[in-house]
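Student: You'll find structure09.cif just under this line, and it carries mmCIF, C-alpha atoms and all ligand atoms.
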data_work
loop_
_atom_site.label_atom_id
_atom_site.label_comp_id
_atom_site.auth_asym_id
_atom_site.auth_seq_id
_atom_site.Cartn_x
_atom_site.Cartn_y
_atom_site.Cartn_z
CA MET A 195 55.61 143.81 102.32
CA ASP A 196 57.48 147.08 102.08
CA SER A 197 60.37 146.45 99.73
CA GLU A 198 62.50 148.78 101.87
CA ASN A 199 62.24 146.21 104.71
CA LYS A 200 63.80 143.50 102.58
CA VAL A 201 67.60 143.73 102.63
CA ASN A 202 67.79 140.81 100.20
CA ASN A 203 66.09 137.40 99.93
CA LYS A 204 67.97 136.17 103.02
CA GLN A 205 67.40 139.08 105.44
CA ILE A 206 64.47 141.23 106.52
CA LEU A 207 64.50 144.28 108.76
CA VAL A 208 61.52 144.89 111.03
CA GLY A 209 62.23 148.23 112.66
CA HIS A 210 65.52 147.64 114.49
CA GLU A 211 65.14 143.86 114.44
CA LYS A 212 66.77 141.67 111.84
CA PHE A 213 65.36 138.36 110.64
CA VAL A 214 67.53 135.93 108.65
CA GLU A 215 66.44 133.02 106.50
CA MET A 216 66.42 129.77 108.45
CA ILE A 217 64.48 127.33 106.22
CA SER A 218 64.27 128.00 102.50
CA ALA A 219 61.17 127.57 100.35
CA GLU A 220 62.89 124.61 98.63
CA GLN A 221 63.59 122.87 101.95
CA ILE A 222 59.97 123.40 103.04
CA ARG A 223 58.68 122.01 99.74
CA ALA A 224 60.90 118.92 99.93
CA ARG A 225 59.91 118.14 103.53
CA ILE A 226 56.21 118.55 102.78
CA VAL A 227 56.50 116.03 99.92
CA GLU A 228 57.90 113.53 102.46
CA LEU A 229 55.17 114.27 105.01
CA GLY A 230 52.49 113.92 102.32
CA LYS A 231 53.83 110.48 101.34
CA GLN A 232 53.88 109.36 104.97
CA ILE A 233 50.29 110.52 105.55
CA THR A 234 49.15 108.85 102.31
CA GLU A 235 50.69 105.58 103.53
CA ASP A 236 49.26 105.87 107.08
CA TYR A 237 45.69 106.74 106.02
CA LYS A 238 45.22 104.29 103.12
CA ALA A 239 41.51 103.46 102.61
CA LYS A 240 40.53 106.15 105.12
CA LEU A 241 38.98 109.57 104.57
CA PRO A 242 40.96 111.84 106.90
CA ILE A 243 39.79 115.32 107.81
CA PHE A 244 42.51 117.94 108.17
CA ILE A 245 41.75 120.60 110.76
CA SER A 246 43.84 123.66 110.11
CA VAL A 247 44.50 125.97 113.06
CA LEU A 248 44.07 129.53 111.79
CA ASN A 249 45.68 131.77 110.86
CA GLY A 250 49.24 130.49 110.70
CA SER A 251 48.74 127.02 109.22
CA PHE A 252 46.76 127.92 106.09
CA MET A 253 49.84 127.81 103.85
CA PHE A 254 51.13 124.53 105.27
CA LEU A 255 47.65 122.97 104.93
CA SER A 256 47.39 124.09 101.33
CA ASP A 257 50.79 122.64 100.34
CA LEU A 258 50.43 119.50 102.49
CA ILE A 259 47.10 118.26 101.12
CA LYS A 260 48.39 118.63 97.56
CA GLU A 261 50.97 115.96 98.47
CA VAL A 262 48.39 113.60 100.00
CA ASP A 263 47.21 111.09 97.43
CA LEU A 264 43.90 110.26 99.10
CA HIS A 265 40.40 111.68 99.28
CA CYS A 266 40.34 114.01 102.25
CA GLU A 267 38.33 116.85 103.76
CA ILE A 268 39.36 120.07 105.47
CA ASP A 269 37.98 122.35 108.13
CA PHE A 270 39.30 125.32 110.09
CA ILE A 271 39.36 126.33 113.72
CA LYS A 272 40.71 129.53 115.16
CA LEU A 273 42.26 129.83 118.59
CA SER A 274 43.41 132.96 120.35
CA SER A 275 47.16 133.02 120.27
CA TYR A 276 49.95 135.47 120.92
CA GLY A 277 47.99 138.54 119.89
CA ASP A 278 50.59 140.89 118.56
CA GLN A 279 53.24 139.78 121.04
CA LYS A 280 56.21 137.49 120.66
CA ILE A 281 55.43 135.69 123.94
CA SER A 282 52.39 133.49 124.65
CA SER A 283 49.72 134.85 127.00
CA GLY A 284 49.43 131.34 128.47
CA LYS A 285 45.67 131.19 127.83
CA VAL A 286 43.72 129.81 124.87
CA LYS A 287 40.18 130.55 123.70
CA THR A 288 38.25 129.31 120.66
CA LEU A 289 37.67 132.24 118.31
CA LYS A 290 36.13 130.20 115.46
CA GLU A 291 34.46 126.82 115.98
CA LEU A 292 34.62 123.82 113.66
CA ASN A 293 31.87 123.41 111.07
CA ALA A 294 32.36 119.71 110.35
CA ASP A 295 31.00 116.83 112.40
CA ILE A 296 34.15 114.93 113.38
CA SER A 297 32.55 112.06 115.31
CA GLU A 298 34.04 108.72 114.14
CA ARG A 299 36.35 110.66 111.79
CA HIS A 300 40.12 110.38 111.45
CA VAL A 301 41.32 113.85 112.34
CA ILE A 302 44.71 115.35 111.49
CA ILE A 303 45.30 118.65 113.29
CA VAL A 304 47.47 120.94 111.16
CA GLU A 305 49.58 123.53 112.99
CA ASP A 306 52.21 125.96 111.78
CA ILE A 307 54.31 125.71 114.93
CA VAL A 308 54.23 123.96 118.29
CA ASP A 309 55.92 126.05 120.96
CA THR A 310 54.83 125.22 124.54
CA GLY A 311 52.21 122.76 123.25
CA LEU A 312 49.40 124.63 125.04
CA SER A 313 47.30 125.16 121.87
CA ILE A 314 47.53 121.51 120.81
CA SER A 315 46.81 120.24 124.29
CA TYR A 316 43.72 122.52 124.46
CA LEU A 317 42.61 121.47 120.98
CA GLU A 318 43.01 117.74 121.59
CA LYS A 319 40.78 117.97 124.69
CA LEU A 320 38.22 120.01 122.75
CA LEU A 321 38.12 117.59 119.80
CA LYS A 322 37.90 114.52 122.06
CA GLU A 323 34.47 115.74 123.22
CA HIS A 324 33.27 115.11 119.65
CA ASN A 325 34.43 111.45 119.65
CA PRO A 326 36.74 111.33 116.64
CA ALA A 327 37.92 107.84 115.55
CA SER A 328 41.52 109.05 115.86
CA THR A 329 43.48 112.28 116.25
CA LYS A 330 47.00 112.98 115.04
CA VAL A 331 48.99 116.20 114.84
CA ALA A 332 51.01 117.57 111.92
CA SER A 333 53.13 120.65 112.59
CA LEU A 334 55.51 122.28 110.17
CA LEU A 335 57.73 123.46 113.03
CA VAL A 336 58.31 122.25 116.58
CA LYS A 337 60.39 123.95 119.27
CA PRO A 338 61.35 120.93 121.43
CA GLU A 339 63.13 123.07 124.06
CA SER A 340 59.94 125.06 124.75
CA LEU A 341 57.52 122.13 125.15
CA LYS A 342 55.71 122.27 128.49
CA TYR A 343 52.63 120.14 127.81
CA ASP A 344 52.40 116.37 127.37
CA ILE A 345 51.56 116.23 123.68
CA LYS A 346 52.81 114.20 120.71
CA VAL A 347 53.42 115.67 117.27
CA ASP A 348 53.04 112.76 114.82
CA TYR A 349 54.23 114.56 111.68
CA VAL A 350 57.02 117.07 112.30
CA GLY A 351 58.32 119.22 109.47
CA PHE A 352 61.37 120.68 111.22
CA GLU A 353 62.60 120.93 114.80
CA ILE A 354 63.89 124.44 115.51
CA PRO A 355 65.54 126.22 118.46
CA ASN A 356 63.50 128.29 120.89
CA LYS A 357 63.58 131.47 118.80
CA PHE A 358 60.90 133.65 117.22
CA VAL A 359 60.27 132.89 113.55
CA ILE A 360 58.17 134.45 110.79
CA GLY A 361 57.14 133.64 107.24
CA TYR A 362 55.32 130.82 105.44
CA GLY A 363 52.10 131.63 107.30
CA LEU A 364 53.72 132.75 110.54
CA ASP A 365 53.24 136.41 111.42
CA TYR A 366 54.81 139.21 113.33
CA ALA A 367 51.94 141.51 114.38
CA GLN A 368 49.87 139.99 111.52
CA LYS A 369 52.43 140.77 108.84
CA TYR A 370 55.08 138.71 107.01
CA ARG A 371 52.82 135.64 106.53
CA ASN A 372 53.37 135.89 102.77
CA LEU A 373 57.09 135.14 102.86
CA SER A 374 57.83 131.82 101.17
CA SER A 375 60.73 130.92 103.50
CA ILE A 376 60.97 130.83 107.31
CA TYR A 377 63.03 133.62 108.90
CA VAL A 378 64.39 133.71 112.45
CA LEU A 379 64.97 136.72 114.67
CA SER A 380 68.72 137.20 114.85
CA GLU A 381 70.40 138.42 118.06
P1 LIG B 401 51.88 127.02 121.79
O1 LIG B 401 50.44 126.98 122.18
O2 LIG B 401 52.42 125.66 121.36
O3 LIG B 401 52.74 127.62 122.91
O4 LIG B 401 52.05 128.03 120.59
C1 LIG B 401 51.48 127.78 119.37
C2 LIG B 401 51.12 129.05 118.64
O5 LIG B 401 51.93 130.14 119.05
C3 LIG B 401 51.37 128.91 117.16
O6 LIG B 401 50.24 128.42 116.48
C4 LIG B 401 51.71 130.33 116.75
O7 LIG B 401 50.52 131.06 116.52
C5 LIG B 401 52.35 130.93 117.97
N1 LIG B 401 53.84 130.88 117.91
C6 LIG B 401 54.66 130.12 118.65
N2 LIG B 401 55.94 130.34 118.34
C7 LIG B 401 55.94 131.26 117.34
C8 LIG B 401 56.98 131.88 116.58
O8 LIG B 401 58.19 131.66 116.73
N3 LIG B 401 56.57 132.77 115.62
C9 LIG B 401 55.26 133.07 115.40
N4 LIG B 401 54.99 133.94 114.45
N5 LIG B 401 54.26 132.50 116.11
C10 LIG B 401 54.60 131.60 117.07
#
Can you present the structure in this file as structure tokens?
Ligand code: 5GP
Tutor:
Amino acid sequence: MDSENKVNNKQILVGHEKFVEMISAEQIRARIVELGKQITEDYKAKLPIFISVLNGSFMFLSDLIKEVDLHCEIDFIKLSSYGDQKISSGKVKTLKELNADISERHVIIVEDIVDTGLSISYLEKLLKEHNPASTKVASLLVKPESLKYDIKVDYVGFEIPNKFVIGYGLDYAQKYRNLSSIYVLSE
């Protein structure tokens, strides 16, 4: 990131827009430890497969599985998302398919953020066609006020207001994924 964009560790300027820190790296770390413990407890004696939804969830996946004290596997899927916009197009396509065979497997979908729930609802239908033994969803962030689809997020990192956020894997026009905290667009 351009250092001139960073006002300090708590604020970032993107053109005329200002983002302020909403969830610190320490808060993220602490919550992920809790989620990891919960998953470890829930999947005892099982071999879960984590399916990370690219690109945004790669950082969450990486930190989450380090806190899971079980053998596990990972795979990646890529869905079309917002493009370079801040508002969803309302349509989803698969841009990269799964490689693993998930039939009879315990699947944990790993998302960075659930907004309307469209991506998860699309993904759950898609995965069901492969007959997994079970499917659960872990999302670092959920915007409860924006939910439009009938989906359940089993492992929620943080519930946040219906505002645009960046950092910790989440982008703005493909940039800012490398921030270690979550920043929200301030009005
Ligand atoms: P949904 O399908 O639930 O409406 O949206 C999920 C996807 O939209 C996320 O995986 C993410 O790519 C994108 N998204 C939703 N809200 C935000 C946000 O506040 N910031 C960023 N960077 N992406 C978001």
Student: Collect all residues with atoms no farther than 8 Å from ligand LIG 401 (chain B), counting only C-alpha atoms and all ligand atoms, and output them as a ChimeraX atom specification.
Tutor: /A:247-251,275-276,280-282,284,286,305-315,337,340-341,356-361,364-366,378
Student: Skipping near chain neighbours, those fewer than 4 positions away, what residues fall within 6 Å of Ser375 of chain A using all atoms listed in the file, listed as a PyMOL selection string?
Tutor: chain A and resi 217-219+361-362
Student: Which residues, protein or nucleic acid, reach to within 10 Å of (54.4, 113.5, 106.7) in the file's coordinates when using all atoms listed in the file, and can you give that as a PyMOL selection string?
Tutor: chain A and resi 225-236+258+261-262+332-334+348-351
Student: Could you tell me how far atom CA of Glu291 of chain A sits from atom CA of Pro242 of chain A, in Å to one decimal place?
Tutor: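 These two atoms are separated by 18.7 Å.
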Student: Figure out the distance between atom CA of Ala327 of chain A and atom CA of Lys346 of chain A, please, to one decimal in Å.
Tutor: 17.0 Å
Student: Would you pick out the contacts of Phe213 of chain A at 6 Å or less, using only C-alpha atoms, so that residues sharing its chain but fewer than 4 positions from it are not included, and give the list as a PyMOL selection string?
Tutor: chain A and resi 205-206+377-380
Student: Take atom CA of Leu289 of chain A and atom CA of Ser328 of chain A and report the distance between them in Å, one decimal.
Tutor: 23.6 Å
Student: May I ask which of the residues A:Ile245, A:Val336, A:Leu317, A:Leu207 is the closest one to Asp295 of chain A, counting all atoms listed in the file?
Tutor: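 Closest candidate: A:Ile245.
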Student: Residues around (38.6, 122.8, 111.1), cut-off 8 Å, counting all atoms listed in the file - what are they as number ranges by chain?
Tutor: A: 244-247, 268-271, 291-294
Student: Counting all atoms listed in the file, which of A:Val304, A:Thr288, A:Leu273, A:Ile222 gets nearest to Leu255 of chain A?
Tutor: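 Of the candidates, the smallest distance to Leu255 of chain A is held by A:Val304.
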Student: Counting only C-alpha atoms, which of A:Ser274, A:Ser297, A:Thr329, A:Asn203 gets nearest to Met216 of chain A?
Tutor: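 Once distances to Met216 of chain A are computed over only C-alpha atoms, the minimum belongs to A:Asn203.
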